[in-house]
>>> print(open('start-v1.csv').read())   # CSV, C-alpha atoms (C1' of nucleotides)
chain,number,residue,atom,x,y,z
M,444,MET,CA,-10.4,67.5,2.9
M,445,ASP,CA,-8.5,70.6,4.1
M,446,ALA,CA,-9.6,74.1,5.0
M,447,LYS,CA,-9.1,75.3,1.4
M,448,ILE,CA,-11.7,73.0,0.0
M,449,LEU,CA,-14.0,73.9,2.8
M,450,CYS,CA,-13.7,77.5,1.9
M,451,LEU,CA,-14.4,76.9,-1.7
M,452,GLY,CA,-17.4,74.9,-0.7
M,453,ALA,CA,-18.7,77.7,1.5
M,454,LEU,CA,-18.3,80.1,-1.4
M,455,THR,CA,-20.7,78.1,-3.5
M,456,CYS,CA,-23.4,79.7,-1.3
M,457,GLY,CA,-22.4,83.1,-2.6
M,458,ASP,CA,-19.6,85.6,-2.2
M,459,ALA,CA,-18.3,86.0,1.3
M,460,SER,CA,-15.6,87.3,3.5
M,461,GLY,CA,-13.5,85.1,5.8
M,462,TYR,CA,-15.5,86.3,8.7
M,463,GLU,CA,-18.7,85.3,7.0
M,464,ILE,CA,-17.4,81.9,6.1
M,465,LYS,CA,-16.6,81.3,9.8
M,466,LYS,CA,-20.2,82.1,10.6
M,467,MET,CA,-21.5,79.6,8.1
M,468,PHE,CA,-19.6,76.9,10.0
M,469,GLU,CA,-20.9,78.3,13.3
M,470,ASP,CA,-24.6,79.1,12.8
M,471,GLY,CA,-25.1,78.6,9.2
M,472,PRO,CA,-25.5,75.8,6.7
M,473,PHE,CA,-22.4,73.9,7.7
M,474,ALA,CA,-22.9,74.3,11.5
M,475,HIS,CA,-23.8,70.7,12.3
M,476,PHE,CA,-21.2,68.7,10.3
M,477,HIS,CA,-18.0,70.6,10.2
M,478,GLN,CA,-16.1,73.5,11.7
M,479,VAL,CA,-13.1,75.7,10.8
M,480,SER,CA,-11.2,78.4,12.7
M,481,PHE,CA,-10.0,81.8,11.6
M,482,GLY,CA,-6.5,80.5,11.9
M,483,SER,CA,-7.1,78.2,9.0
M,484,ILE,CA,-9.6,80.3,7.0
M,485,TYR,CA,-7.5,83.4,6.4
M,486,PRO,CA,-4.4,81.6,5.3
M,487,SER,CA,-6.5,79.4,3.0
M,488,LEU,CA,-8.2,82.3,1.4
M,489,ALA,CA,-4.9,84.0,0.8
M,490,LYS,CA,-3.5,80.9,-0.9
M,491,LEU,CA,-6.6,80.3,-3.0
M,492,CYS,CA,-6.3,83.9,-4.2
M,493,GLU,CA,-2.7,83.3,-5.2
M,494,GLN,CA,-3.7,80.1,-7.0
M,495,GLY,CA,-6.5,82.0,-8.9
M,496,LYS,CA,-9.2,79.8,-7.4
M,497,VAL,CA,-10.9,82.8,-5.9
M,498,THR,CA,-10.9,86.6,-6.6
M,499,MET,CA,-11.0,89.2,-3.9
M,500,ARG,CA,-12.6,92.7,-3.8
M,501,LYS,CA,-12.5,95.1,-0.9
M,502,GLU,CA,-15.8,96.4,0.4
M,503,MET,CA,-15.7,99.5,2.4
M,504,GLN,CA,-18.3,99.7,5.1
M,505,GLU,CA,-19.4,102.6,7.3
M,506,GLY,CA,-19.3,102.1,11.0
M,507,ARG,CA,-17.4,98.9,10.8
M,508,PRO,CA,-14.2,97.5,9.4
M,509,ASP,CA,-13.8,97.0,5.7
M,510,LYS,CA,-14.1,93.5,4.5
M,511,LYS,CA,-12.5,91.4,1.8
M,512,VAL,CA,-15.1,89.6,-0.2
M,513,TYR,CA,-14.1,86.5,-2.1
M,514,THR,CA,-15.6,85.0,-5.2
M,515,LEU,CA,-15.3,81.6,-6.7
M,516,THR,CA,-13.6,81.5,-10.1
M,517,ASP,CA,-13.8,78.8,-12.8
M,518,LYS,CA,-10.5,77.5,-11.7
M,519,GLY,CA,-11.9,77.2,-8.1
M,520,ASN,CA,-15.0,75.4,-9.4
M,521,LYS,CA,-12.8,72.9,-11.2
M,522,SER,CA,-10.8,72.4,-8.1
M,523,LEU,CA,-14.0,71.6,-6.2
M,524,TYR,CA,-15.1,69.1,-8.9
M,525,ARG,CA,-11.7,67.4,-8.6
M,526,ALA,CA,-11.8,67.3,-4.8
M,527,MET,CA,-15.3,65.7,-4.9
M,528,LYS,CA,-14.0,62.8,-6.9
M,529,LYS,CA,-12.0,61.5,-3.9
M,530,THR,CA,-13.2,59.0,-1.3
M,531,PRO,CA,-14.3,60.9,1.7
M,532,ALA,CA,-12.7,60.3,5.1
M,533,GLU,CA,-14.8,58.5,7.7
M,534,ASP,CA,-17.0,60.7,9.9
M,535,GLN,CA,-15.3,61.6,13.1
M,536,LEU,CA,-17.2,62.7,16.1
M,537,ARG,CA,-15.3,63.6,19.3
M,538,SER,CA,-17.4,64.5,22.3
M,539,GLU,CA,-15.6,65.0,25.5
M,540,VAL,CA,-18.9,65.5,27.2
M,541,MET,CA,-20.0,62.0,26.2
M,542,VAL,CA,-16.7,60.7,27.6
M,543,MET,CA,-17.5,62.5,30.8
M,544,PHE,CA,-21.1,61.1,30.9
M,545,PHE,CA,-19.6,57.7,30.4
M,546,LEU,CA,-17.3,58.2,33.3
M,547,GLN,CA,-20.0,59.9,35.3
M,548,GLU,CA,-18.9,58.2,38.5
M,549,TYR,CA,-15.7,60.3,38.3
M,550,LEU,CA,-17.6,63.6,38.4
M,551,ASP,CA,-19.1,65.2,41.4
M,552,GLN,CA,-22.8,65.8,41.3
M,553,ASP,CA,-22.6,69.5,40.9
M,554,HIS,CA,-20.2,69.5,38.0
M,555,LEU,CA,-22.1,66.7,36.3
M,556,HIS,CA,-25.2,68.9,36.6
M,557,ASP,CA,-23.4,71.8,35.0
M,558,VAL,CA,-22.0,69.8,32.2
M,559,LEU,CA,-25.4,68.3,31.5
M,560,ASP,CA,-27.1,71.7,31.4
M,561,GLN,CA,-24.5,73.2,29.2
M,562,GLN,CA,-24.7,70.4,26.8
M,563,LEU,CA,-28.5,70.6,26.6
M,564,ASN,CA,-28.2,74.3,25.9
M,565,PHE,CA,-25.6,73.7,23.3
M,566,TYR,CA,-27.7,71.2,21.5
M,567,ARG,CA,-30.8,73.3,21.9
M,568,SER,CA,-29.2,76.4,20.4
M,569,LEU,CA,-27.7,74.5,17.5
M,570,SER,CA,-31.1,73.0,16.9
M,571,GLU,CA,-32.7,76.4,16.9
M,572,LYS,CA,-30.2,77.8,14.6
M,573,LEU,CA,-30.8,75.0,12.2
M,574,GLU,CA,-34.6,75.4,12.4
M,575,ALA,CA,-34.2,79.1,11.8
M,576,LEU,CA,-32.3,78.8,8.5
M,577,ASP,CA,-34.1,80.1,5.5
M,578,ASP,CA,-35.0,77.2,3.2
M,579,ASP,CA,-36.3,79.1,0.3
M,580,THR,CA,-33.0,80.0,-1.1
M,581,VAL,CA,-31.5,76.5,-0.9
M,582,ALA,CA,-31.2,74.0,-3.6
M,583,PRO,CA,-33.3,70.9,-3.0
M,584,GLY,CA,-30.3,68.6,-2.9
M,585,ARG,CA,-28.9,70.6,0.0
M,586,MET,CA,-32.0,70.2,2.0
M,587,PHE,CA,-31.1,66.6,2.5
M,588,VAL,CA,-28.2,67.7,4.7
M,589,ARG,CA,-30.1,70.3,6.5
M,590,GLY,CA,-33.0,68.0,7.2
M,591,LEU,CA,-30.6,65.5,8.6
M,592,GLY,CA,-29.1,68.0,10.9
M,593,ARG,CA,-32.5,69.1,12.2
M,594,VAL,CA,-33.7,65.6,12.9
M,595,LEU,CA,-30.4,64.8,14.6
M,596,TYR,CA,-30.4,67.6,17.0
M,597,ARG,CA,-34.1,67.3,17.7
M,598,THR,CA,-33.5,63.7,18.6
M,599,LEU,CA,-30.5,64.6,20.8
M,600,VAL,CA,-32.4,67.2,22.8
M,601,LYS,CA,-35.4,64.9,23.2
M,602,TYR,CA,-33.2,62.0,24.4
M,603,MET,CA,-31.3,64.1,26.9
M,604,GLU,CA,-34.5,65.6,28.3
M,605,GLU,CA,-36.1,62.2,28.7
M,606,ASN,CA,-33.1,60.3,30.1
M,607,ALA,CA,-31.2,62.8,32.2
M,608,HIS,CA,-32.4,60.8,35.3
M,609,LEU,CA,-30.2,57.9,34.2
M,610,LEU,CA,-27.2,60.1,34.7
M,611,LEU,CA,-28.2,62.0,37.9
M,612,ASN,CA,-29.8,59.5,40.1
M,613,ASN,CA,-27.8,56.4,41.3
M,614,LYS,CA,-25.2,58.6,42.9
M,615,LYS,CA,-23.9,56.8,46.0
M,616,ARG,CA,-20.3,57.7,46.3
M,617,SER,CA,-20.4,61.2,44.8
M,618,ASN,CA,-18.0,62.6,47.4
M,619,GLN,CA,-14.6,61.9,45.8
A,1131,MET,CA,-8.7,65.7,26.7
A,1132,ASP,CA,-5.8,63.9,25.3
A,1133,ALA,CA,-5.2,60.2,24.4
A,1134,LYS,CA,-3.8,59.5,27.9
A,1135,ILE,CA,-7.0,60.4,29.6
A,1136,LEU,CA,-8.9,58.4,27.0
A,1137,CYS,CA,-6.8,55.4,27.7
A,1138,LEU,CA,-7.4,55.7,31.5
A,1139,GLY,CA,-11.1,56.1,30.8
A,1140,ALA,CA,-11.1,52.9,28.7
A,1141,LEU,CA,-9.4,51.0,31.4
A,1142,THR,CA,-12.2,51.7,33.8
A,1143,CYS,CA,-14.1,49.0,31.8
A,1144,GLY,CA,-11.5,46.5,33.0
A,1145,ASP,CA,-7.9,45.6,32.2
A,1146,ALA,CA,-7.0,45.8,28.6
A,1147,SER,CA,-4.1,45.9,26.0
A,1148,GLY,CA,-3.5,48.7,23.6
A,1149,TYR,CA,-5.0,46.7,20.9
A,1150,GLU,CA,-8.2,46.0,22.9
A,1151,ILE,CA,-8.5,49.7,23.8
A,1152,LYS,CA,-8.4,50.5,20.1
A,1153,LYS,CA,-11.3,48.1,19.6
A,1154,MET,CA,-13.3,49.8,22.4
A,1155,PHE,CA,-13.1,53.0,20.3
A,1156,GLU,CA,-14.0,51.1,17.1
A,1157,ASP,CA,-16.8,48.7,17.9
A,1158,GLY,CA,-17.1,49.0,21.6
A,1159,PRO,CA,-18.6,51.3,24.2
A,1160,PHE,CA,-16.8,54.4,22.9
A,1161,ALA,CA,-17.4,53.7,19.2
A,1162,HIS,CA,-19.9,56.4,18.6
A,1163,PHE,CA,-18.4,59.4,20.4
A,1164,HIS,CA,-14.6,59.3,20.2
A,1165,GLN,CA,-11.8,57.6,18.4
A,1166,VAL,CA,-8.1,57.1,18.9
A,1167,SER,CA,-5.4,55.6,16.8
A,1168,PHE,CA,-2.6,53.2,17.6
A,1169,GLY,CA,-0.1,56.0,17.1
A,1170,SER,CA,-1.5,57.7,20.1
A,1171,ILE,CA,-2.5,54.7,22.2
A,1172,TYR,CA,0.8,53.0,22.5
A,1173,PRO,CA,2.9,56.0,23.4
A,1174,SER,CA,0.2,57.1,25.9
A,1175,LEU,CA,0.2,53.7,27.6
A,1176,ALA,CA,4.0,53.8,27.9
A,1177,LYS,CA,3.9,57.2,29.5
A,1178,LEU,CA,1.1,56.3,31.9
A,1179,CYS,CA,3.2,53.3,33.0
A,1180,GLU,CA,6.2,55.6,33.6
A,1181,GLN,CA,4.0,57.9,35.7
A,1182,GLY,CA,2.6,55.0,37.7
A,1183,LYS,CA,-0.9,55.6,36.6
A,1184,VAL,CA,-1.2,52.1,35.2
A,1185,THR,CA,0.7,48.8,35.7
A,1186,MET,CA,1.5,46.4,33.0
A,1187,ARG,CA,1.8,42.6,32.9
A,1188,LYS,CA,2.7,40.4,30.0
A,1189,GLU,CA,0.3,37.7,28.9
A,1190,MET,CA,1.6,35.0,26.8
A,1191,GLN,CA,-0.8,33.5,24.3
A,1192,GLU,CA,-0.6,30.4,22.1
A,1193,GLY,CA,-1.1,30.9,18.4
A,1194,ARG,CA,-1.0,34.6,18.6
A,1195,PRO,CA,1.4,37.4,19.8
A,1196,ASP,CA,1.8,38.0,23.4
A,1197,LYS,CA,0.0,41.0,24.8
A,1198,LYS,CA,0.7,43.7,27.4
A,1199,VAL,CA,-2.3,44.0,29.6
A,1200,TYR,CA,-2.7,47.3,31.5
A,1201,THR,CA,-4.4,47.9,34.8
A,1202,LEU,CA,-5.5,51.2,36.3
A,1203,THR,CA,-3.8,52.2,39.6
A,1204,ASP,CA,-5.0,54.5,42.4
A,1205,LYS,CA,-2.8,57.2,41.0
A,1206,GLY,CA,-4.5,56.7,37.6
A,1207,ASN,CA,-7.9,56.9,39.2
A,1208,LYS,CA,-7.0,60.1,40.9
A,1209,SER,CA,-5.7,61.5,37.6
A,1210,LEU,CA,-9.1,60.7,36.1
A,1211,TYR,CA,-11.0,62.4,38.9
A,1212,ARG,CA,-8.8,65.5,38.3
A,1213,ALA,CA,-9.3,65.4,34.5
A,1214,MET,CA,-13.1,65.2,35.0
A,1215,LYS,CA,-13.2,68.5,36.9
A,1216,LYS,CA,-12.3,70.4,33.8
A,1217,THR,CA,-14.7,72.0,31.4
A,1218,PRO,CA,-15.1,69.8,28.4
A,1219,ALA,CA,-14.3,71.0,24.9
A,1220,GLU,CA,-17.3,71.5,22.6
A,1221,ASP,CA,-18.4,68.5,20.6
A,1222,GLN,CA,-16.8,68.4,17.2
A,1223,LEU,CA,-18.2,66.5,14.3
A,1224,ARG,CA,-16.5,66.5,11.0
A,1225,SER,CA,-18.2,64.7,8.2
A,1226,GLU,CA,-16.6,65.0,4.8
A,1227,VAL,CA,-19.5,62.9,3.5
A,1228,MET,CA,-22.0,65.6,4.6
A,1229,VAL,CA,-19.9,68.2,2.9
A,1230,MET,CA,-20.0,66.2,-0.3
A,1231,PHE,CA,-23.8,65.8,0.0
A,1232,PHE,CA,-24.1,69.5,0.5
A,1233,LEU,CA,-22.0,70.0,-2.6
A,1234,GLN,CA,-23.9,67.2,-4.4
A,1235,GLU,CA,-24.0,69.2,-7.7
A,1236,TYR,CA,-20.2,68.8,-7.9
A,1237,LEU,CA,-20.3,65.0,-7.8
A,1238,ASP,CA,-21.2,62.8,-10.7
A,1239,GLN,CA,-24.2,60.6,-10.3
A,1240,ASP,CA,-22.2,57.3,-9.9
A,1241,HIS,CA,-19.9,58.6,-7.3
A,1242,LEU,CA,-22.7,60.2,-5.3
A,1243,HIS,CA,-24.4,56.8,-5.4
A,1244,ASP,CA,-21.3,55.1,-4.1
A,1245,VAL,CA,-20.7,57.6,-1.3
A,1246,LEU,CA,-24.4,57.3,-0.3
A,1247,ASP,CA,-24.2,53.5,-0.1
A,1248,GLN,CA,-21.0,53.5,1.8
A,1249,GLN,CA,-22.3,56.0,4.3
A,1250,LEU,CA,-25.5,54.1,4.8
A,1251,ASN,CA,-23.5,50.9,5.4
A,1252,PHE,CA,-21.2,52.7,7.8
A,1253,TYR,CA,-24.1,54.0,9.9
A,1254,ARG,CA,-25.9,50.6,9.7
A,1255,SER,CA,-22.8,48.7,10.9
A,1256,LEU,CA,-22.1,51.2,13.7
A,1257,SER,CA,-25.8,50.9,14.6
A,1258,GLU,CA,-25.6,47.2,14.7
A,1259,LYS,CA,-22.5,47.2,16.8
A,1260,LEU,CA,-24.1,49.4,19.3
A,1261,GLU,CA,-27.2,47.3,19.5
A,1262,ALA,CA,-25.1,44.2,19.9
A,1263,LEU,CA,-23.2,45.4,23.0
A,1264,ASP,CA,-24.0,43.5,26.2
A,1265,ASP,CA,-25.9,45.7,28.5
A,1266,ASP,CA,-25.8,43.4,31.5
A,1267,THR,CA,-22.3,44.2,32.6
A,1268,VAL,CA,-22.7,48.0,32.3
A,1269,ALA,CA,-23.3,50.5,35.1
A,1270,PRO,CA,-26.7,52.2,34.8
A,1271,GLY,CA,-25.2,55.7,34.4
A,1272,ARG,CA,-23.2,54.5,31.3
A,1273,MET,CA,-26.4,53.3,29.7
A,1274,PHE,CA,-27.3,56.9,29.1
A,1275,VAL,CA,-24.5,57.3,26.6
A,1276,ARG,CA,-25.1,54.0,25.0
A,1277,GLY,CA,-28.8,54.7,24.6
A,1278,LEU,CA,-28.0,58.0,23.1
A,1279,GLY,CA,-25.7,56.4,20.5
A,1280,ARG,CA,-28.3,53.8,19.6
A,1281,VAL,CA,-31.1,56.4,19.1
A,1282,LEU,CA,-28.8,58.6,17.1
A,1283,TYR,CA,-27.6,56.0,14.6
A,1284,ARG,CA,-31.1,54.5,14.3
A,1285,THR,CA,-32.3,58.0,13.4
A,1286,LEU,CA,-29.5,58.6,11.0
A,1287,VAL,CA,-30.2,55.3,9.1
A,1288,LYS,CA,-33.9,55.9,9.0
A,1289,TYR,CA,-33.5,59.5,7.7
A,1290,MET,CA,-31.1,58.5,5.0
A,1291,GLU,CA,-33.3,55.6,3.8
A,1292,GLU,CA,-36.3,57.8,3.7
A,1293,ASN,CA,-34.7,60.9,2.1
A,1294,ALA,CA,-32.1,59.5,-0.3
A,1295,HIS,CA,-34.3,60.6,-3.2
A,1296,LEU,CA,-33.7,64.3,-2.3
A,1297,LEU,CA,-30.1,63.7,-3.1
A,1298,LEU,CA,-30.3,61.5,-6.2
A,1299,ASN,CA,-33.2,62.9,-8.2
A,1300,ASN,CA,-33.0,66.5,-9.5
A,1301,LYS,CA,-29.8,65.8,-11.4
A,1302,LYS,CA,-29.9,67.8,-14.6
A,1303,ARG,CA,-26.3,68.7,-15.2
A,1304,SER,CA,-24.7,65.6,-13.9
A,1305,ASN,CA,-22.1,65.5,-16.7
A,1306,GLN,CA,-19.4,67.7,-15.5
U,285,DA,C1',-16.6,101.7,31.5
U,286,DC,C1',-16.8,97.3,29.5
U,287,DC,C1',-18.2,93.6,26.8
U,288,DG,C1',-19.7,91.7,22.4
U,289,DG,C1',-19.8,91.9,17.6
U,290,DC,C1',-17.4,93.0,13.3
U,291,DA,C1',-13.0,92.4,10.8
U,292,DT,C1',-8.2,90.5,9.4
U,293,DG,C1',-4.2,88.4,10.2
U,294,DT,C1',0.4,85.8,12.1
U,295,DA,C1',3.2,82.4,14.5
U,296,DA,C1',4.3,78.9,17.6
U,297,DC,C1',3.0,74.9,19.6
U,298,DG,C1',1.1,70.6,20.1
U,299,DG,C1',-1.0,66.7,18.8
U,300,DG,C1',-2.7,63.2,16.3
U,301,DT,C1',-2.6,60.8,11.9
U,302,DT,C1',-0.1,58.3,8.5
U,303,DA,C1',3.1,55.4,7.1
U,304,DC,C1',6.6,52.2,8.1
U,305,DA,C1',8.4,48.0,10.3
U,306,DT,C1',7.5,43.0,11.7
U,307,DG,C1',5.4,38.6,12.0
U,308,DA,C1',2.3,34.6,13.1
U,309,DT,C1',-2.2,32.5,12.4
U,310,DT,C1',-6.8,31.9,10.6
U,311,DT,C1',-10.2,32.7,7.3
U,312,DT,C1',-11.6,33.2,2.5
K,218,DA,C1',-2.7,32.5,-2.3
K,219,DA,C1',-4.3,36.5,-0.4
K,220,DA,C1',-6.5,39.1,3.0
K,221,DA,C1',-7.8,39.9,7.6
K,222,DT,C1',-7.0,39.5,12.6
K,223,DC,C1',-4.0,39.7,16.4
K,224,DA,C1',-0.2,42.5,18.3
K,225,DT,C1',3.2,46.3,19.3
K,226,DG,C1',5.8,50.0,18.3
K,227,DT,C1',8.4,54.5,16.1
K,228,DA,C1',9.0,58.8,13.7
K,229,DA,C1',8.1,62.4,10.6
K,230,DC,C1',5.0,65.3,9.0
K,231,DC,C1',1.0,68.0,8.6
K,232,DC,C1',-2.4,70.7,10.0
K,233,DG,C1',-5.3,72.9,12.9
K,234,DT,C1',-5.9,75.2,17.2
K,235,DT,C1',-4.6,78.7,20.4
K,236,DA,C1',-3.0,82.9,21.5
K,237,DC,C1',-1.5,87.2,20.3
K,238,DA,C1',-2.0,91.7,17.8
K,239,DT,C1',-5.2,95.7,16.5
K,240,DG,C1',-9.1,98.6,16.3
K,241,DC,C1',-13.8,100.7,15.8
K,242,DC,C1',-18.7,100.8,17.0
K,243,DG,C1',-22.9,100.0,19.6
K,244,DG,C1',-25.3,98.5,23.5
K,245,DT,C1',-25.6,97.8,28.7
>>> encode(input="start-v1.csv", output="structure tokens")
Amino acid sequence: MDAKILCLGALTCGDASGYEIKKMFEDGPFAHFHQVSFGSIYPSLAKLCEQGKVTMRKEMQEGRPDKKVYTLTDKGNKSLYRAMKKTPAEDQLRSEVMVMFFLQEYLDQDHLHDVLDQQLNFYRSLSEKLEALDDDTVAPGRMFVRGLGRVLYRTLVKYMEENAHLLLNNKKRSNQ
Amino acid sequence: MDAKILCLGALTCGDASGYEIKKMFEDGPFAHFHQVSFGSIYPSLAKLCEQGKVTMRKEMQEGRPDKKVYTLTDKGNKSLYRAMKKTPAEDQLRSEVMVMFFLQEYLDQDHLHDVLDQQLNFYRSLSEKLEALDDDTVAPGRMFVRGLGRVLYRTLVKYMEENAHLLLNNKKRSNQ
DNA sequence: ACCGGCATGTAACGGGTTACATGATTTT
DNA sequence: AAAATCATGTAACCCGTTACATGCCGGT
């Protein structure tokens, strides 16, 4: 599943610019299970336009840059249907922080502390973003995914708060 | 954090071959928070050997191929300490399955059912693998990460079992 | 005065994944 | 008889990330 399909998927939530699509993957409905960068969004959108899978209109704005708003076409919709027939790739999670926690004896106390704090903040803020999303405008089927994200990050925050001591104490040779 | 550091990290659990390292990322202690493929493990191990960060000995086996068992050296250890001083990259989770669930109106009923089943099995088997790991030989600090993995996958399985109906029912136009 | 947010885009670089190559043994 | 497990390796390809380029507005 490449960035093009992801963009089409994002546009099923309504017309959007590249910048807005990015936000959907940062704070919005996709935040907890996928990410894309500008470097892949903008070229994708351009190619989708060429292929007639989306249309673009320019929206002038006062006080801020103009934006290019993209709309899903029938062709784009069909493309999505086709993509959804495939077998999805396995989930992949890569957490360098967890690797660090696992190798906690290789970190000095201070840095471990920092990393732990930052990670907790990261999970907390993602959790808050997910809780803050407006559920009224969302189709019931989509709530499954949102609910899962919420439960997941709540669990993560709770576990880390309750078990941080496992990581911090038992430091005997923390002076490497 | 590249594959070389990951290999060094894996070797802190004890001497291992490339094949065994792969297993650590599939069923073992790293299973739930990172993955690496053979295509990156073998070249990494070769380079680490060149750099003197690991040593290699050949172990002949009867009835199966010989293996190359790698051992962490002092130099490798230092390299790990250095790597752990860096700021870790943000977690990244990419789940095509969740994208599909989100776009559930684009899947036909049967395929949705299949994907759901496969995902549940995937989470269940990962969960079981994590529960099955032997905790006696593991340093207390490392139990933090393992415990987190266990809680996470238990939560995931439970949520999916209890909320699958959100995804399956409300199918009115499932004939696209 | 400077930083963060809004807004779009390009290009190189790096890295990992995928596929290929090989082969014996055990399990189904 | 076929598939899975054990075991190692190479190389091309793809794709995404990172960094760069540009610019205005509002808040601190």
>>> interface_residues(input="start-v1.csv", of="chain M", to="chain K", cutoff="8 Å", atoms="only C-alpha atoms (C1' of nucleotides)", output="MDAnalysis selection string")
chainID M and resid 480 482:483 506:508
>>> atom_distance(input="start-v1.csv", atom1="atom CA of M:Tyr596", atom2="atom CA of M:Arg567")
7.5 Å
>>> interface_residues(input="start-v1.csv", of="chain M", to="chain A", cutoff="8 Å", atoms="all atoms listed in the file", output="PyMOL selection string")
chain M and resi 444+452+473+475-478+523-524+527-528+530-550+554+558+583-588+591+594-595+598-599+602-603+606-607+609-611+613+619
>>> interface_residues(input="start-v1.csv", of="chain M", to="chain U", cutoff="10 Å", atoms="all atoms listed in the file", output="list in words")
Ser460, Gly461, Tyr462, Glu463, Phe481, Gly482, Tyr485, Pro486, Gly506, Arg507, Pro508, Asp509, Lys510 and Lys511 of chain M
>>> atom_distance(input="start-v1.csv", atom1="atom CA of M:Tyr513", atom2="atom CA of M:Leu573")
24.8 Å
>>> atom_distance(input="start-v1.csv", atom1="atom CA of M:Asp579", atom2="atom CA of M:Glu502")
26.8 Å
>>> build_atoms(input="start-v1.csv", residues="stretch 454-468 of chain M", atoms="N, CA and C atoms", output="PDB file, keeping the file's coordinate frame")
ATOM      1  N   LEU M 454     -18.054  79.075  -0.424  1.00  0.00           N
ATOM      2  CA  LEU M 454     -18.300  80.100  -1.400  1.00  0.00           C
ATOM      3  C   LEU M 454     -19.285  79.740  -2.492  1.00  0.00           C
ATOM      4  N   THR M 455     -19.638  78.458  -2.553  1.00  0.00           N
ATOM      5  CA  THR M 455     -20.700  78.100  -3.500  1.00  0.00           C
ATOM      6  C   THR M 455     -22.052  78.602  -3.039  1.00  0.00           C
ATOM      7  N   CYS M 456     -22.126  79.051  -1.797  1.00  0.00           N
ATOM      8  CA  CYS M 456     -23.400  79.700  -1.300  1.00  0.00           C
ATOM      9  C   CYS M 456     -23.458  81.129  -1.671  1.00  0.00           C
ATOM     10  N   GLY M 457     -22.407  81.644  -2.279  1.00  0.00           N
ATOM     11  CA  GLY M 457     -22.400  83.100  -2.600  1.00  0.00           C
ATOM     12  C   GLY M 457     -21.100  83.699  -2.109  1.00  0.00           C
ATOM     13  N   ASP M 458     -20.777  84.866  -2.644  1.00  0.00           N
ATOM     14  CA  ASP M 458     -19.600  85.600  -2.200  1.00  0.00           C
ATOM     15  C   ASP M 458     -19.582  85.798  -0.726  1.00  0.00           C
ATOM     16  N   ALA M 459     -18.405  85.766  -0.132  1.00  0.00           N
ATOM     17  CA  ALA M 459     -18.300  86.000   1.300  1.00  0.00           C
ATOM     18  C   ALA M 459     -16.935  86.355   1.757  1.00  0.00           C
ATOM     19  N   SER M 460     -16.854  86.934   2.923  1.00  0.00           N
ATOM     20  CA  SER M 460     -15.600  87.300   3.500  1.00  0.00           C
ATOM     21  C   SER M 460     -15.170  86.106   4.447  1.00  0.00           C
ATOM     22  N   GLY M 461     -13.929  86.139   4.909  1.00  0.00           N
ATOM     23  CA  GLY M 461     -13.500  85.100   5.800  1.00  0.00           C
ATOM     24  C   GLY M 461     -14.334  85.034   7.068  1.00  0.00           C
ATOM     25  N   TYR M 462     -14.679  86.186   7.547  1.00  0.00           N
ATOM     26  CA  TYR M 462     -15.500  86.300   8.700  1.00  0.00           C
ATOM     27  C   TYR M 462     -16.881  85.632   8.512  1.00  0.00           C
ATOM     28  N   GLU M 463     -17.416  85.870   7.340  1.00  0.00           N
ATOM     29  CA  GLU M 463     -18.700  85.300   7.000  1.00  0.00           C
ATOM     30  C   GLU M 463     -18.669  83.790   6.820  1.00  0.00           C
ATOM     31  N   ILE M 464     -17.551  83.340   6.280  1.00  0.00           N
ATOM     32  CA  ILE M 464     -17.400  81.900   6.100  1.00  0.00           C
ATOM     33  C   ILE M 464     -17.354  81.220   7.482  1.00  0.00           C
ATOM     34  N   LYS M 465     -16.641  81.839   8.399  1.00  0.00           N
ATOM     35  CA  LYS M 465     -16.600  81.300   9.800  1.00  0.00           C
ATOM     36  C   LYS M 465     -18.028  81.159  10.323  1.00  0.00           C
ATOM     37  N   LYS M 466     -18.837  82.167  10.088  1.00  0.00           N
ATOM     38  CA  LYS M 466     -20.200  82.100  10.600  1.00  0.00           C
ATOM     39  C   LYS M 466     -21.031  80.978   9.966  1.00  0.00           C
ATOM     40  N   MET M 467     -20.744  80.697   8.700  1.00  0.00           N
ATOM     41  CA  MET M 467     -21.500  79.600   8.100  1.00  0.00           C
ATOM     42  C   MET M 467     -21.180  78.270   8.779  1.00  0.00           C
ATOM     43  N   PHE M 468     -20.001  78.175   9.340  1.00  0.00           N
ATOM     44  CA  PHE M 468     -19.600  76.900  10.000  1.00  0.00           C
ATOM     45  C   PHE M 468     -20.015  76.999  11.520  1.00  0.00           C
TER      46      PHE M 468
END
